[in-house]
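Have a look at structure13.txt below; it lists compact mmCIF, C-alpha atoms.
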```
# COMPACT_ATOMS: atom_id res chain seq x y z
CA MET A 283 64.18 -31.75 -45.89
CA GLY A 284 65.91 -28.81 -44.24
CA ILE A 285 65.03 -27.06 -41.03
CA ILE A 286 63.30 -24.21 -42.90
CA GLY A 287 61.11 -26.71 -44.82
CA GLN A 288 60.13 -28.50 -41.63
CA LEU A 289 59.28 -25.16 -40.02
CA LEU A 290 57.06 -24.18 -42.96
CA ILE A 291 55.20 -27.50 -42.78
CA PHE A 292 54.77 -27.11 -39.02
CA LEU A 293 53.35 -23.61 -39.43
CA LEU A 294 51.02 -24.79 -42.19
CA VAL A 295 49.67 -27.72 -40.14
CA THR A 296 49.20 -25.75 -36.93
CA GLY A 297 47.60 -22.95 -38.90
CA LEU A 298 45.04 -25.33 -40.38
CA LEU A 299 44.31 -26.91 -37.01
CA SER A 300 43.73 -23.55 -35.39
CA ALA A 301 41.70 -22.15 -38.28
CA CYS A 302 38.30 -20.68 -37.56
CA PRO A 303 35.27 -21.26 -39.84
CA ASP A 304 34.24 -18.31 -41.95
CA LYS A 305 32.16 -15.69 -40.06
CA CYS A 306 32.55 -17.61 -36.78
CA PHE A 307 34.30 -16.47 -33.63
CA CYS A 308 36.86 -18.79 -32.08
CA ASN A 309 38.53 -18.55 -28.72
CA SER A 310 40.61 -21.34 -27.21
CA LYS A 311 38.29 -24.40 -27.32
CA ILE A 312 35.13 -22.42 -28.03
CA VAL A 313 33.66 -21.89 -31.51
CA ASP A 314 30.74 -19.49 -31.86
CA CYS A 315 28.84 -19.71 -35.18
CA ARG A 316 25.53 -18.22 -34.07
CA SER A 317 23.28 -16.16 -36.36
CA ILE A 318 25.30 -16.40 -39.59
CA ALA A 319 22.67 -18.11 -41.81
CA LEU A 320 24.41 -21.49 -41.89
CA GLN A 321 22.72 -24.25 -43.87
CA ASN A 322 25.33 -26.90 -43.07
CA ILE A 323 27.79 -27.67 -40.30
CA PRO A 324 30.78 -25.45 -41.18
CA PRO A 325 34.09 -27.06 -42.15
CA GLY A 326 37.32 -26.18 -40.42
CA VAL A 327 36.22 -26.52 -36.79
CA ASN A 328 39.22 -27.38 -34.64
CA PRO A 329 39.06 -31.07 -33.49
CA ASP A 330 39.96 -29.91 -29.98
CA THR A 331 36.80 -27.78 -29.74
CA GLU A 332 34.79 -28.45 -26.59
CA THR A 333 32.01 -25.86 -26.99
CA LEU A 334 30.24 -25.28 -30.32
CA PHE A 335 27.43 -22.76 -30.80
CA LEU A 336 25.35 -23.24 -33.96
CA ASP A 337 22.18 -21.56 -32.69
CA LYS A 338 19.94 -19.24 -34.75
CA ASN A 339 20.91 -20.49 -38.18
CA SER A 340 19.09 -22.23 -41.05
CA LEU A 341 20.18 -25.78 -40.35
CA ILE A 342 17.70 -28.44 -41.45
CA ARG A 343 19.40 -31.77 -42.08
CA ILE A 344 22.73 -32.67 -40.52
CA ARG A 345 24.66 -34.99 -42.80
CA HIS A 346 25.90 -38.36 -41.59
CA ASN A 347 29.21 -38.12 -39.67
CA ALA A 348 29.06 -34.31 -39.64
CA PHE A 349 30.57 -34.34 -36.14
CA GLU A 350 32.97 -37.26 -36.65
CA HIS A 351 36.08 -35.09 -36.10
CA LEU A 352 34.58 -33.35 -33.02
CA GLY A 353 34.79 -36.15 -30.49
CA ASN A 354 35.89 -33.73 -27.76
CA LEU A 355 32.67 -31.70 -27.77
CA SER A 356 31.11 -31.29 -24.33
CA TYR A 357 28.54 -28.61 -25.28
CA LEU A 358 26.57 -28.34 -28.54
CA GLY A 359 24.09 -25.54 -29.14
CA LEU A 360 21.59 -26.07 -31.97
CA SER A 361 18.64 -23.99 -30.80
CA SER A 362 16.48 -21.91 -33.14
CA ASN A 363 17.06 -23.85 -36.33
CA CYS A 364 14.62 -26.05 -38.28
CA LEU A 365 16.22 -29.42 -37.65
CA ILE A 366 15.08 -32.79 -38.91
CA LEU A 367 16.92 -35.26 -36.70
CA GLN A 368 18.02 -38.80 -37.50
CA ASN A 369 19.08 -41.63 -35.20
CA TYR A 370 22.69 -41.16 -36.31
CA THR A 371 22.84 -37.37 -35.85
CA PHE A 372 24.83 -37.42 -32.59
CA GLU A 373 26.30 -40.92 -32.73
CA LEU A 374 29.98 -39.91 -32.47
CA LEU A 375 29.70 -37.37 -29.65
CA LEU A 376 30.56 -39.70 -26.80
CA LYS A 377 31.89 -36.89 -24.57
CA LEU A 378 28.91 -34.58 -25.04
CA GLN A 379 27.50 -33.34 -21.73
CA ALA A 380 25.09 -30.57 -22.77
CA LEU A 381 22.80 -30.39 -25.81
CA ASP A 382 20.44 -27.53 -26.71
CA LEU A 383 17.73 -28.45 -29.24
CA SER A 384 15.18 -25.83 -28.21
CA ALA A 385 13.04 -23.89 -30.69
CA ASN A 386 13.47 -26.21 -33.68
CA HIS A 387 9.81 -26.94 -34.52
CA LEU A 388 10.46 -30.58 -33.61
CA SER A 389 7.28 -32.65 -33.61
CA GLU A 390 8.92 -36.00 -32.86
CA LEU A 391 12.25 -37.50 -31.85
CA PRO A 392 13.84 -40.65 -33.32
CA GLU A 393 13.72 -43.50 -30.79
CA ASP A 394 17.52 -43.96 -30.73
CA LEU A 395 18.52 -40.31 -31.04
CA PHE A 396 20.30 -40.26 -27.67
CA LEU A 397 21.60 -43.82 -27.80
CA ASN A 398 25.28 -42.86 -28.14
CA LEU A 399 25.32 -39.97 -25.66
CA PRO A 400 26.27 -41.78 -22.43
CA ASN A 401 27.69 -38.67 -20.74
CA LEU A 402 24.82 -36.27 -21.44
CA THR A 403 23.78 -34.45 -18.27
CA TRP A 404 21.88 -31.40 -19.66
CA LEU A 405 19.20 -31.53 -22.38
CA ASN A 406 17.01 -28.65 -23.56
CA LEU A 407 14.02 -29.51 -25.80
CA ALA A 408 11.89 -26.49 -24.91
CA ASN A 409 9.80 -24.52 -27.41
CA ASN A 410 9.15 -27.32 -29.87
CA LYS A 411 6.00 -29.22 -30.89
CA LEU A 412 6.70 -32.52 -29.17
CA LYS A 413 3.78 -34.70 -28.13
CA ARG A 414 5.83 -37.50 -26.58
CA PHE A 415 9.29 -38.20 -25.20
CA PRO A 416 10.92 -41.46 -26.34
CA LEU A 417 11.57 -44.24 -23.85
CA VAL A 418 15.32 -43.81 -23.34
CA ARG A 419 17.60 -46.20 -21.52
CA SER A 420 20.90 -44.54 -22.39
CA LEU A 421 20.71 -41.23 -20.51
CA ALA A 422 21.72 -42.61 -17.15
CA LYS A 423 23.66 -39.44 -16.24
CA LEU A 424 21.04 -36.87 -17.28
CA THR A 425 20.33 -34.39 -14.47
CA TYR A 426 18.51 -31.57 -16.31
CA LEU A 427 15.62 -31.96 -18.79
CA ASP A 428 13.60 -29.07 -20.20
CA LEU A 429 10.41 -30.11 -22.05
CA SER A 430 8.57 -26.82 -21.52
CA ASN A 431 6.49 -25.12 -24.21
CA ASN A 432 5.68 -28.26 -26.17
CA GLU A 433 2.42 -30.09 -26.89
CA PHE A 434 2.47 -32.93 -24.36
CA SER A 435 -1.05 -33.93 -23.37
CA VAL A 436 0.04 -37.10 -21.57
CA VAL A 437 3.34 -38.02 -19.97
CA GLN A 438 3.67 -41.77 -19.74
CA GLU A 439 6.35 -43.52 -17.73
CA THR A 440 9.02 -42.71 -20.32
CA LEU A 441 11.04 -40.86 -17.70
CA LYS A 442 11.63 -43.82 -15.40
CA HIS A 443 15.07 -44.60 -16.86
CA LEU A 444 16.55 -41.23 -15.83
CA PRO A 445 17.82 -42.08 -12.33
CA GLN A 446 19.99 -38.96 -11.91
CA LEU A 447 17.40 -36.41 -13.02
CA ASP A 448 17.10 -33.55 -10.53
CA THR A 449 15.49 -30.79 -12.67
CA LEU A 450 12.43 -31.34 -14.85
CA PHE A 451 10.45 -28.66 -16.69
CA LEU A 452 7.06 -29.71 -18.08
CA ASN A 453 5.45 -26.29 -17.90
CA ASN A 454 3.43 -24.77 -20.74
CA ASN A 455 2.15 -27.99 -22.23
CA GLN A 456 -1.33 -29.53 -22.56
CA LEU A 457 -1.22 -31.95 -19.63
CA GLU A 458 -4.68 -32.84 -18.35
CA SER A 459 -3.72 -35.65 -15.98
CA LEU A 460 -0.72 -37.46 -14.52
CA PRO A 461 -0.32 -41.23 -14.07
CA ALA A 462 0.02 -42.02 -10.36
CA THR A 463 3.53 -43.49 -10.80
CA VAL A 464 4.83 -41.20 -13.55
CA PHE A 465 7.66 -39.75 -11.42
CA ASP A 466 8.19 -42.69 -9.07
CA GLN A 467 11.73 -43.53 -10.20
CA LEU A 468 12.99 -39.92 -10.07
CA PHE A 469 14.28 -40.15 -6.52
CA LEU A 470 16.72 -37.22 -6.87
CA LEU A 471 14.20 -34.72 -8.23
CA ASP A 472 14.91 -31.25 -6.86
CA VAL A 473 13.00 -28.89 -9.20
CA LEU A 474 9.68 -29.83 -10.85
CA ASP A 475 7.69 -27.35 -12.92
CA LEU A 476 4.16 -28.40 -13.95
CA SER A 477 2.77 -24.89 -14.29
CA ASN A 478 0.62 -23.63 -17.17
CA ASN A 479 -1.00 -26.94 -18.05
CA LYS A 480 -4.58 -28.20 -17.83
CA LEU A 481 -4.28 -30.41 -14.76
CA LYS A 482 -7.62 -30.84 -13.02
CA SER A 483 -6.36 -33.04 -10.20
CA LEU A 484 -3.24 -34.71 -8.87
CA PRO A 485 -2.90 -38.33 -7.70
CA PRO A 486 -2.73 -38.35 -3.88
CA HIS A 487 0.76 -39.91 -3.76
CA VAL A 488 2.27 -38.63 -6.99
CA PHE A 489 5.16 -36.97 -5.06
CA LYS A 490 5.67 -39.72 -2.51
CA ASN A 491 9.26 -40.56 -3.57
CA HIS A 492 10.49 -37.00 -3.84
CA HIS A 493 12.04 -36.33 -0.48
CA LYS A 494 14.68 -34.03 -2.01
CA LEU A 495 12.25 -31.75 -3.81
CA THR A 496 12.93 -28.07 -3.01
CA ASP A 497 11.01 -26.24 -5.78
CA LEU A 498 7.52 -27.30 -6.95
CA ARG A 499 5.43 -25.21 -9.34
CA LEU A 500 1.77 -26.06 -9.89
CA ASP A 501 0.47 -22.61 -10.80
CA HIS A 502 -1.95 -21.86 -13.65
CA ASN A 503 -3.64 -25.22 -13.98
CA ARG A 504 -7.26 -26.18 -13.32
CA LEU A 505 -6.86 -27.71 -9.89
CA GLU A 506 -9.96 -27.61 -7.69
CA ASN A 507 -8.95 -29.78 -4.75
CA LEU A 508 -5.73 -30.94 -3.12
CA THR A 509 -5.64 -34.07 -1.00
CA ALA A 510 -4.40 -33.69 2.56
CA THR A 511 -1.46 -36.09 2.00
CA LEU A 512 -0.23 -34.55 -1.28
CA PHE A 513 2.86 -32.91 0.27
CA SER A 514 3.35 -35.24 3.23
CA HIS A 515 6.85 -36.36 2.11
CA GLN A 516 8.30 -33.00 1.02
CA HIS A 517 10.31 -32.19 4.13
CA ASN A 518 12.88 -30.20 2.11
CA LEU A 519 10.48 -28.15 0.00
CA GLN A 520 11.34 -24.44 0.00
CA TYR A 521 9.28 -22.95 -2.84
CA LEU A 522 5.68 -23.90 -3.62
CA THR A 523 3.44 -22.05 -6.07
CA ILE A 524 -0.20 -23.06 -6.60
CA SER A 525 -1.54 -19.75 -7.92
CA GLY A 526 -3.97 -19.41 -10.80
CA ASN A 527 -6.10 -22.48 -10.08
CA ALA A 528 -9.68 -22.97 -8.87
CA ILE A 529 -9.02 -24.16 -5.32
CA ALA A 530 -11.86 -23.29 -2.95
CA ASN A 531 -10.78 -25.16 0.19
CA LEU A 532 -7.49 -26.19 1.78
CA PRO A 533 -7.14 -29.24 4.04
CA SER A 534 -5.97 -27.97 7.42
CA GLN A 535 -2.85 -30.19 7.46
CA LEU A 536 -1.95 -29.82 3.79
CA PHE A 537 1.32 -28.01 4.54
CA GLY A 538 1.96 -29.64 7.92
CA ASN A 539 5.26 -31.31 6.97
CA LEU A 540 6.75 -28.43 4.97
CA THR A 541 8.92 -27.19 7.79
CA LYS A 542 11.52 -25.67 5.44
CA LEU A 543 9.07 -23.83 3.19
CA SER A 544 10.22 -20.28 2.44
CA LYS A 545 7.75 -19.14 -0.26
CA LEU A 546 4.09 -20.10 -0.63
CA ASP A 547 1.92 -18.64 -3.39
CA LEU A 548 -1.83 -19.35 -3.22
CA SER A 549 -2.94 -16.26 -5.11
CA ASN A 550 -5.64 -16.16 -7.79
CA ASN A 551 -7.72 -19.09 -6.53
CA SER A 552 -11.25 -19.34 -5.12
CA LEU A 553 -10.42 -19.44 -1.42
CA THR A 554 -13.04 -17.98 0.88
CA LEU A 555 -11.37 -18.76 4.19
CA LEU A 556 -8.04 -19.91 5.57
CA PRO A 557 -8.01 -22.83 8.03
CA TYR A 558 -7.06 -21.83 11.55
CA ASN A 559 -3.86 -23.89 11.75
CA PHE A 560 -2.87 -24.42 8.12
CA LEU A 561 0.36 -22.38 8.60
CA SER A 562 1.21 -23.70 12.06
CA ASN A 563 4.42 -25.58 11.12
CA LEU A 564 5.81 -23.11 8.59
CA GLU A 565 8.35 -21.41 10.82
CA GLU A 566 10.75 -20.72 7.92
CA LEU A 567 8.12 -19.00 5.75
CA LYS A 568 9.29 -15.62 4.42
CA MET A 569 6.83 -14.88 1.59
CA LEU A 570 3.12 -15.63 1.58
CA LYS A 571 0.81 -14.63 -1.29
CA HIS A 572 -2.97 -14.82 -0.90
CA SER A 573 -3.84 -12.17 -3.47
CA GLU A 574 -6.93 -12.42 -5.69
CA ASN A 575 -9.10 -14.74 -3.64
CA PHE A 576 -12.43 -14.25 -1.83
CA ILE A 577 -11.25 -14.11 1.78
CA ASP A 578 -13.45 -11.87 3.94
CA LYS A 579 -12.07 -12.61 7.39
CA LEU A 580 -8.79 -13.56 9.07
CA VAL A 581 -8.33 -15.32 12.40
CA VAL A 582 -6.54 -13.08 14.92
CA ASP A 583 -3.48 -15.28 15.48
CA ILE A 584 -3.35 -17.04 12.12
CA PHE A 585 0.25 -15.92 11.48
CA LYS A 586 1.64 -16.32 14.98
CA TYR A 587 3.68 -19.41 13.98
CA ASN A 588 5.40 -17.61 11.10
CA PRO A 589 7.97 -15.42 12.86
CA LYS A 590 10.21 -15.03 9.78
CA LEU A 591 7.52 -13.76 7.42
CA VAL A 592 8.82 -10.74 5.47
CA TYR A 593 6.29 -10.31 2.64
CA LEU A 594 2.53 -10.80 3.08
CA HIS A 595 0.16 -10.16 0.17
CA LEU A 596 -3.58 -10.09 0.90
CA ASP A 597 -4.68 -7.69 -1.83
CA ASN A 598 -7.72 -8.25 -4.06
CA ASN A 599 -9.84 -10.08 -1.51
CA HIS A 600 -13.09 -9.23 0.32
CA LEU A 601 -11.61 -8.20 3.66
CA ASN A 602 -13.77 -5.66 5.51
CA SER A 603 -11.78 -5.79 8.73
CA ILE A 604 -8.28 -6.70 9.78
CA PRO A 605 -7.06 -8.09 13.12
CA VAL A 606 -4.03 -7.09 15.18
CA PHE A 607 -1.51 -9.58 13.84
CA GLU A 608 0.63 -11.58 16.24
CA GLY A 609 4.10 -12.93 15.57
CA LEU A 610 5.02 -10.80 12.55
CA SER A 611 7.97 -8.94 14.04
CA GLN A 612 10.03 -9.41 10.84
CA LEU A 613 7.36 -8.29 8.38
CA GLU A 614 8.57 -5.57 5.98
CA GLU A 615 5.83 -5.43 3.36
CA LEU A 616 2.08 -5.84 3.81
CA THR A 617 -0.26 -5.47 0.84
CA LEU A 618 -3.98 -4.98 1.54
CA SER A 619 -5.03 -3.07 -1.57
CA PHE A 620 -8.36 -3.69 -3.33
CA ASN A 621 -10.31 -4.89 -0.32
CA ARG A 622 -13.24 -3.39 1.62
CA LEU A 623 -11.39 -2.03 4.63
CA VAL A 624 -12.97 0.92 6.40
CA ALA A 625 -10.56 1.32 9.31
CA PHE A 626 -7.74 -0.34 11.24
CA PRO A 627 -7.96 -1.43 14.88
CA ARG A 628 -5.99 0.48 17.49
CA GLY A 629 -2.68 -1.26 18.10
CA PHE A 630 -2.67 -2.78 14.63
CA ALA A 631 0.98 -1.93 13.97
CA ASP A 632 2.29 -2.49 17.52
CA ASN A 633 3.85 -5.86 16.62
CA LEU A 634 4.92 -4.84 13.11
CA VAL A 635 8.14 -3.21 14.26
CA LYS A 636 10.00 -3.66 10.95
CA LEU A 637 7.15 -2.80 8.58
CA LYS A 638 8.44 -0.53 5.81
CA CYS A 639 5.60 -0.59 3.31
CA LEU A 640 1.86 -0.79 3.92
CA GLN A 641 -0.26 -0.75 0.76
CA VAL A 642 -3.95 -0.08 1.37
CA THR A 643 -4.91 1.58 -1.90
CA ASP A 644 -8.44 1.13 -3.29
CA ASN A 645 -10.28 0.51 -0.04
CA LEU A 646 -13.02 2.42 1.84
CA ILE A 647 -10.91 4.19 4.45
CA ARG A 648 -12.39 7.50 5.57
CA HIS A 649 -10.61 8.09 8.88
CA TRP A 650 -7.04 7.46 9.96
CA ASP A 651 -5.38 7.18 13.35
CA ILE A 652 -2.04 8.81 12.53
CA GLU A 653 -0.27 7.65 15.69
CA VAL A 654 -0.85 4.00 14.87
CA PHE A 655 1.21 4.24 11.67
CA GLN A 656 3.79 6.89 12.44
CA ASN A 657 6.69 4.39 12.49
CA ILE A 658 5.93 2.86 9.09
CA ALA A 659 8.17 4.25 6.35
CA SER A 660 5.53 4.28 3.62
CA VAL A 661 1.73 4.04 3.79
CA LEU A 662 -0.05 4.15 0.43
CA LEU A 663 -3.66 5.38 0.47
CA LYS A 664 -4.49 6.10 -3.15
CA ASN A 665 -8.17 5.76 -4.12
CA ASN A 666 -9.53 5.87 -0.59
CA PRO A 667 -12.21 8.36 0.56
CA ILE A 668 -9.78 9.85 3.06
CA CYS A 669 -7.63 11.11 0.20
CA LEU A 670 -10.56 13.15 -1.09
CA SER A 671 -11.80 14.34 2.29
CA LYS A 672 -11.61 18.05 3.06
CA ARG A 673 -12.43 17.54 6.71
CA LYS A 674 -9.77 18.89 9.03
CA GLU A 675 -10.09 16.02 11.50
CA SER A 676 -8.90 13.47 8.93
CA PRO A 677 -5.75 14.99 7.47
CA VAL A 678 -3.27 12.88 5.52
CA PRO A 679 0.24 14.03 6.53
CA SER A 680 2.98 14.31 3.92
CA THR A 681 5.59 12.44 5.98
CA ASN A 682 4.84 8.79 5.29
CA MET A 683 1.26 8.69 3.98
CA ASN A 684 0.83 9.00 0.25
CA CYS A 685 -2.41 9.46 -1.70
CA ARG A 686 -0.75 9.29 -5.10
CA LYS A 687 1.51 6.28 -5.23
CA GLN A 688 0.10 2.84 -6.01
CA GLN A 689 3.15 0.78 -4.99
CA CYS A 690 6.14 1.21 -2.70
```
Any chance you could give the structure as structure tokens?
Amino acid sequence: MGIIGQLLIFLLVTGLLSACPDKCFCNSKIVDCRSIALQNIPPGVNPDTETLFLDKNSLIRIRHNAFEHLGNLSYLGLSSNCLILQNYTFELLLKLQALDLSANHLSELPEDLFLNLPNLTWLNLANNKLKRFPLVRSLAKLTYLDLSNNEFSVVQETLKHLPQLDTLFLNNNQLESLPATVFDQLFLLDVLDLSNNKLKSLPPHVFKNHHKLTDLRLDHNRLENLTATLFSHQHNLQYLTISGNAIANLPSQLFGNLTKLSKLDLSNNSLTLLPYNFLSNLEELKMLKHSENFIDKLVVDIFKYNPKLVYLHLDNNHLNSIPVFEGLSQLEELTLSFNRLVAFPRGFADNLVKLKCLQVTDNLIRHWDIEVFQNIASVLLKNNPICLSKRKESPVPSTNMNCRKQQC
């Protein structure tokens, strides 16, 4: 065979290897076959492909050995199809690190589906109809698991063989209770989302092994009480949301060990008062939300141990008076709308040297001491009697006080 013949064969072979499936987009080691109405895995995918997108197609059954020539895959996207999975579906993808199976109407998973995926670190099963997660012993490297928007009513100890898991989403399910030891073996857990479930209570020591937890979301459940020791081991917690529950009382030392907490959301509960010292150790706190509760009174120095607080939301409560706050020299936004405030004490803003926005719309304010608030960039007064007053002694200046705006 001459040189020209060898060259033709070389060009033919390399051309086939670098071919791109019909209607797909190929770039280097990435093949994108999203939204092209595929019913089968397309032929002609380069064996060197590392990233394969097959999302938003019409895939139902994946034939046996469909991925046998794609042993180099590290990412496989199969979201928004109508898949029926078999134990063998991913058996040859030994290098796979990330798998997206979200939005596939999956109601169950084969017990050995993940058996041959030893390197999987990222798994998305969100937006399906799953009621249980199989007991897996093969996902020793998994760090990210999204089970949100499914139909879990109970989570048994099927997660205990995931020693590297640091991110777990269980939000938007039907969870009514948690076994006391359900998360015990997840020592590296960093992010845990249990929001939008039906949890009525939490075991007192359910988070005892989670010293590395930084983000915990418990909002929009049916919690009524929290035990005083619930967060006693979360020394690294930075974000905690418990909004949208039915909590009426807070143990005074509930947040005592959360010395790194930056955001705390307790809005939309049934709180009538705030314990005197429940914020005393939260020196790193920057955002505090107490909106939509039934608080009618605040202790004078309740925020004096929170020198870094920047955002404070106390709107939609029953406050009829407000104290002169201590220790809020970094506060930039204070929301007091939808309360029952009639006036502010003299010296109220003396310590609020960085306050940029004060929202007091929808209160009962008839008179205003202009000098008290002259250094605040924006004061919103909409739907207060003072905005309708024609009396000359209670004017609302046009500089920083606004009777029209609802939000800064």
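Rounded to one decimal, CA of Leu358 in chain A and CA of Leu399 in chain A lie 12.0 Å from each other.
Atom to atom, CA of Val592 in chain A and CA of Thr511 in chain A stand 27.6 Å apart.
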Work out how far CA of Leu412 in chain A is from CA of Ile342 in chain A, in Å to one decimal.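 Result for CA of Ile342 in chain A versus CA of Leu412 in chain A: 17.0 Å, one decimal.
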Near range 630-639 of chain A, within 7 Å and counting all atoms listed in the file, which residues show up once chain neighbours fewer than 6 positions away are dropped, as number ranges by chain? A: 606-608, 610-616, 654-655, 658-661, 690
For Phe560 in chain A, list every protein, DNA or RNA residue within 9 Å, evaluated using all atoms listed in the file, and leave out those in the same chain fewer than 4 positions away; present the list as an MDAnalysis selection string. chainID A and resid 532:538 556 564 584
For Glu332 in chain A, work out the shell of residues within 7 Å, counting only C-alpha atoms and skipping chain neighbours fewer than 3 positions away, then give it as a PyMOL selection string. chain A and resi 311-312+354-357
Which residues are near Glu653 in chain A? Cut-off 12 Å, only C-alpha atoms, ignore same chain within fewer than 6 positions. Put them as a PyMOL selection string. chain A and resi 626-632+678-679+682-683
Which of these, A:Glu439, A:Asp428, A:Asp578, A:Asp472, has the shortest distance to Asn599 in chain A once you count only C-alpha atoms?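 When distances to Asn599 in chain A are compared using only C-alpha atoms, the smallest one comes from A:Asp578.
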Using all atoms listed in the file, which of the listed residues (A:Asn309, A:Thr541, A:Thr509, A:Thr554) sits closest to Glu566 in chain A?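 For Glu566 in chain A, the nearest of the given residues is A:Thr541.
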If I put a ball of radius 9 Å at (9.6, -17.6, 11.4) in the file's coordinates, which residues poke into it when counting all atoms listed in the file, written as a PyMOL selection string? chain A and resi 564-568+586-591+609-610+612
Fewer than 6 positions away in the same chain doesn't count, so skip those; otherwise give me all residues within 7 Å of Pro667 in chain A, counting only C-alpha atoms, as JSON, numbers by chain. {"A": [646, 647, 648]}
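Using all atoms listed in the file, the smallest distance between any of A:Arg686, A:Lys545, A:Arg499, A:His492 and Cys669 in chain A comes from A:Arg686.
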In the coordinate frame of the file, compute which residues have an atom within 10 Å of (38.1, -36.2, -34.5) when using all atoms listed in the file, and state them as a ChimeraX atom specification. /A:328-331,349-355,374-375
Give me the box for range 633-641 of chain A as lines of an AutoDock Vina configuration file, namely the centre and edge lengths in Å to one decimal of a box along x, y and z that holds every listed atom plus 5 Å on each side.
```
center_x = 4.9
center_y = -3.2
center_z = 8.7
size_x = 20.3
size_y = 15.3
size_z = 25.9
```
Take range 404-416 of chain A, model N, CA, C and O atoms, and hand the result over as a JSON list (two decimals), in the frame of the given file.
```
[["chain", "number", "residue", "atom", "x", "y", "z"],
["A", 404, "TRP", "N", 22.75, -32.59, -19.50],
["A", 404, "TRP", "CA", 21.88, -31.40, -19.66],
["A", 404, "TRP", "C", 21.25, -31.44, -21.04],
["A", 404, "TRP", "O", 21.95, -31.49, -22.06],
["A", 405, "LEU", "N", 19.90, -31.43, -21.11],
["A", 405, "LEU", "CA", 19.20, -31.53, -22.38],
["A", 405, "LEU", "C", 18.04, -30.54, -22.41],
["A", 405, "LEU", "O", 17.15, -30.58, -21.55],
["A", 406, "ASN", "N", 18.06, -29.66, -23.41],
["A", 406, "ASN", "CA", 17.01, -28.65, -23.56],
["A", 406, "ASN", "C", 16.22, -28.92, -24.84],
["A", 406, "ASN", "O", 16.75, -28.81, -25.95],
["A", 407, "LEU", "N", 14.93, -29.26, -24.67],
["A", 407, "LEU", "CA", 14.02, -29.51, -25.80],
["A", 407, "LEU", "C", 12.83, -28.55, -25.76],
["A", 407, "LEU", "O", 11.78, -28.82, -26.36],
["A", 408, "ALA", "N", 12.98, -27.44, -25.08],
["A", 408, "ALA", "CA", 11.89, -26.49, -24.91],
["A", 408, "ALA", "C", 11.51, -25.82, -26.23],
["A", 408, "ALA", "O", 12.29, -25.78, -27.18],
["A", 409, "ASN", "N", 10.27, -25.30, -26.27],
["A", 409, "ASN", "CA", 9.80, -24.52, -27.41],
["A", 409, "ASN", "C", 9.84, -25.30, -28.71],
["A", 409, "ASN", "O", 10.35, -24.82, -29.73],
["A", 410, "ASN", "N", 9.32, -26.51, -28.67],
["A", 410, "ASN", "CA", 9.15, -27.32, -29.87],
["A", 410, "ASN", "C", 7.68, -27.71, -29.98],
["A", 410, "ASN", "O", 6.81, -27.07, -29.37],
["A", 411, "LYS", "N", 7.38, -28.76, -30.71],
["A", 411, "LYS", "CA", 6.00, -29.22, -30.89],
["A", 411, "LYS", "C", 5.86, -30.70, -30.52],
["A", 411, "LYS", "O", 5.05, -31.43, -31.09],
["A", 412, "LEU", "N", 6.66, -31.11, -29.56],
["A", 412, "LEU", "CA", 6.70, -32.52, -29.17],
["A", 412, "LEU", "C", 5.43, -32.94, -28.44],
["A", 412, "LEU", "O", 4.94, -32.23, -27.56],
["A", 413, "LYS", "N", 4.95, -34.12, -28.79],
["A", 413, "LYS", "CA", 3.78, -34.70, -28.13],
["A", 413, "LYS", "C", 4.16, -35.88, -27.24],
["A", 413, "LYS", "O", 3.36, -36.32, -26.41],
["A", 414, "ARG", "N", 5.37, -36.39, -27.42],
["A", 414, "ARG", "CA", 5.83, -37.50, -26.58],
["A", 414, "ARG", "C", 7.35, -37.45, -26.48],
["A", 414, "ARG", "O", 8.03, -36.85, -27.31],
["A", 415, "PHE", "N", 7.85, -38.09, -25.43],
["A", 415, "PHE", "CA", 9.29, -38.20, -25.20],
["A", 415, "PHE", "C", 9.63, -39.68, -25.31],
["A", 415, "PHE", "O", 8.97, -40.52, -24.68],
["A", 416, "PRO", "N", 10.62, -40.04, -26.12],
["A", 416, "PRO", "CA", 10.92, -41.46, -26.34],
["A", 416, "PRO", "C", 11.37, -42.16, -25.06],
["A", 416, "PRO", "O", 11.94, -41.54, -24.16]]
```
